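Below is one structure, written out as structure tokens, with a few remarks after it.
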Amino acid sequence: MMHTHGFQKLSIFAVLLAFIVPVFFAFALTPSEERSQLEQELQALEQEIQAIEGDITKTQQEKASLQKEISVLKNKIKKLDLQISQSNKIIEDLRFQITDTSQSIEQTIEDIETKKMQLGEVLQRLHREDQKSFAEIVFTGVTLSDFFGNLAGLEALRARNNELLVSMEKLSDYLQSQRGALEDEKSEEENFVRIQILQKQQSQSLSKQSEQLLEVTKGKESEYQKILADKKKKAQEIRSRIFDLIGVPDAPTFGEALEIATLVSRQTGVRPAFLLAVLTQESNIGKNVGQCYLKDANAGSGVRVNGQAISRVMKPSRDVQPFFAITQQLGRDPYNTPVSCPIPSVGGYGGAMGPAQFIPSTWVQYQNRIEQLKGGSVDPWNIRDAFLAAGVYLAQAKATRQTHDYEWCAAVTYFSGSCSSRNQVRYEFYGDNVMAIAAKYEEDIKALESASLGILGAPAR
């Protein structure tokens, strides 16, 4: 009976499987279909985001009230949640691209190896023919046609040899371009993970801001209006607020940071609020990624500040030697000087230095210009030098025009290396977020001025 019962269970399972398996395969998507579906989902998310942006703009035009403030915060959080979903889709799409490119590289390497084997065989045959004496060549074969046949065969071998060499050269060039494309795709993936870090941080910050607002006002409009009216108290809070920076042990207050940014503005022409916004954004990324120390110069590996081993702290071929040169000039121990950690889930490199988050190879490109403006040696971990370095970079990216579009483009360039059409689309969030932070800082600066504290003075224009 036990055997019969077991057979019945197997039979039922087989029948169910017969129905399930075809359905599974019927709904399985090919990689191209999955990517097409992702594109459609991205378009739908973009439409939702645009609708919410319209709601936010409309609400912000209304008279200042507690209800308006809470409504704007809720819509901003909703927008960020959609942007996080959008980033997830883009990262997923990039990972499809990376997989495709990696497989293509593997196939190209196989093709090159096959061509090498074929070329080796042809060269061996040519070598054997070259070893024959003139008499062997002339008298090999019974007839004259055999002789000419041998000559034709030899020519065919030489032609095949040239053909294989040309083919291998093309494959090698293609392999090089594929490896470059793979590096770009991985870099883009890393940038989107960084953007997602910012999106999540901002969403959490807005949620906390909404909770604090309700707590302070106790939900009463009259309390909210009192807070708005107390300009002197607001100015004092702004001035003494800590301005968090990555890579420095003692963070300055906003007032101190503004003093430095104002001085840098006079030297570079970059608007103080915009400079502070870029440094805030970079520090937000850097704080999340964490701090590491380089320990193995050859491999570029190291440890986190808590002692945990981690690979890819710094790219050996690009940044290790410049990093050694920088630390040697400053009398720093390269193995005990903090740099940014890599993002483990992506596979990129860390190595960014100080508040401005310059990688060593970029710092050395700008070092002379920064030293000329300062009138002495510069240190990426020094707050004032880091502000000046960021100002020089942003000035070169045309932030000195001080218009929204030029500053937005300079922010995207600071993050990704250029403001190409592709980067403008891909890294829109980064540029938008920097400009939003800059607008908030500009309000803070005006609040300080209107309170007539006379401590900081007006920022340079």
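Chain labels run A, B, ... following the order of the structure tokens; each chain numbers its residues from 1, and ligands are numbered from 1 in the order shown.
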Contacts of Glu169 in chain A at 12 Å or less, counting only C-alpha atoms, minus same-chain residues fewer than 4 places along, as number ranges by chain?
A: 108, 111-112, 115-116, 162-165, 173-176
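Those residues of range 251-344 of chain A that DSSP, working from the backbone, places in strand (DSSP E) are Gln291, Cys292, Tyr293, Leu294, Lys295, Asp296, Ser301, Gly302, Val303, Arg304, Ala309, Ile310, Val339 and Ser340 of chain A.
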Residue selection dump (N, CA and C atoms) as a JSON list (two decimals), in the first residue's frame:
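Just written: out-v1.json:
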[["chain", "number", "residue", "atom", "x", "y", "z"],
["A", 291, "GLN", "N", 35.57, 55.61, 5.27],
["A", 291, "GLN", "CA", 36.98, 55.94, 5.14],
["A", 291, "GLN", "C", 37.83, 54.67, 5.22],
["A", 292, "CYS", "N", 38.90, 54.66, 4.41],
["A", 292, "CYS", "CA", 39.80, 53.51, 4.36],
["A", 292, "CYS", "C", 41.25, 53.96, 4.37],
["A", 293, "TYR", "N", 42.14, 52.99, 4.60],
["A", 293, "TYR", "CA", 43.58, 53.22, 4.50],
["A", 293, "TYR", "C", 44.15, 52.26, 3.46],
["A", 294, "LEU", "N", 45.04, 52.77, 2.62],
["A", 294, "LEU", "CA", 45.77, 51.92, 1.67],
["A", 294, "LEU", "C", 46.81, 51.12, 2.44],
["A", 295, "LYS", "N", 46.93, 49.82, 2.15],
["A", 295, "LYS", "CA", 47.92, 48.99, 2.82],
["A", 295, "LYS", "C", 48.82, 48.24, 1.85],
["A", 296, "ASP", "N", 48.32, 47.90, 0.66],
["A", 296, "ASP", "CA", 49.10, 47.18, -0.34],
["A", 296, "ASP", "C", 49.15, 48.02, -1.61],
["A", 301, "SER", "N", 44.86, 47.39, -2.34],
["A", 301, "SER", "CA", 43.93, 46.99, -1.28],
["A", 301, "SER", "C", 44.31, 47.68, 0.04],
["A", 302, "GLY", "N", 43.42, 47.54, 1.03],
["A", 302, "GLY", "CA", 43.69, 48.17, 2.32],
["A", 302, "GLY", "C", 42.73, 47.72, 3.39],
["A", 303, "VAL", "N", 42.45, 48.62, 4.34],
["A", 303, "VAL", "CA", 41.52, 48.30, 5.43],
["A", 303, "VAL", "C", 40.60, 49.49, 5.67],
["A", 304, "ARG", "N", 39.41, 49.19, 6.21],
["A", 304, "ARG", "CA", 38.54, 50.26, 6.68],
["A", 304, "ARG", "C", 39.12, 50.83, 7.98],
["A", 309, "ALA", "N", 39.55, 44.26, 6.43],
["A", 309, "ALA", "CA", 40.25, 44.23, 5.14],
["A", 309, "ALA", "C", 39.28, 44.51, 4.00],
["A", 310, "ILE", "N", 39.76, 45.24, 2.99],
["A", 310, "ILE", "CA", 38.93, 45.57, 1.83],
["A", 310, "ILE", "C", 39.81, 45.75, 0.60],
["A", 339, "VAL", "N", 41.42, 57.79, 3.01],
["A", 339, "VAL", "CA", 40.83, 58.06, 1.69],
["A", 339, "VAL", "C", 39.46, 57.38, 1.66],
["A", 340, "SER", "N", 38.67, 57.67, 0.64],
["A", 340, "SER", "CA", 37.34, 57.06, 0.58],
["A", 340, "SER", "C", 37.44, 55.58, 0.26]]
Which residues come within 8 Å of Pro355 in chain A, counting only C-alpha atoms, excluding same-chain residues fewer than 6 positions away, as a ChimeraX atom specification?
/A:245-248,279,282-283,380-381,383,386-387
Keeping only C-alpha atoms, write those residues as a PDB file, in the first residue's frame.
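File produced: out15.pdb:
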ATOM      1  CA  LEU A 245      32.631  67.441   5.805  1.00  0.00           C
ATOM      2  CA  ILE A 246      34.229  64.107   4.995  1.00  0.00           C
ATOM      3  CA  GLY A 247      37.901  63.499   5.727  1.00  0.00           C
ATOM      4  CA  VAL A 248      38.390  66.148   8.441  1.00  0.00           C
ATOM      5  CA  LEU A 279      31.018  70.025  -1.065  1.00  0.00           C
ATOM      6  CA  GLU A 282      30.337  65.035  -2.030  1.00  0.00           C
ATOM      7  CA  SER A 283      30.595  64.693   1.746  1.00  0.00           C
ATOM      8  CA  PRO A 380      43.770  67.838   0.132  1.00  0.00           C
ATOM      9  CA  TRP A 381      42.811  67.139   3.781  1.00  0.00           C
ATOM     10  CA  ILE A 383      39.549  72.432   4.729  1.00  0.00           C
ATOM     11  CA  ALA A 386      39.965  71.561  -0.303  1.00  0.00           C
ATOM     12  CA  PHE A 387      37.499  74.447  -0.761  1.00  0.00           C
TER      13      PHE A 387
END
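If you count only C-alpha atoms and ignore residues fewer than 5 places along the chain from Thr268 in chain A, what sits within 9 Å of it is Leu263, Leu373, Leu388, Gly391, Val392, Leu394, Ala395 and Thr400 of chain A.
When only C-alpha atoms are used to compute distances to Glu189 in chain A, the closest of the residues A:Gln209, A:Thr253, A:Gln67, A:Asn88 turns out to be A:Asn88.
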Residues at most 8 Å from range 359-365 of chain A, counting only C-alpha atoms, excluding those fewer than 3 positions away in the same chain, as a ChimeraX atom specification?
/A:318-320,322-323,326,351-353,368,380
Going by DSSP on the backbone, which bits of range 202-317 of chain A are alpha helix (DSSP H)? Write them as an MDAnalysis selection string, please.
chainID A and resid 202:217 221:229 231:240 254:268 272:289
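The list of residues with at least one atom within 10 Å of Ile238 in chain A, based on only C-alpha atoms and without residues fewer than 6 positions apart in the same chain, reads Lys232, Thr253, Phe254, Gly255, Tyr441, Asp444, Ile445, Ala447 and Leu448 of chain A.
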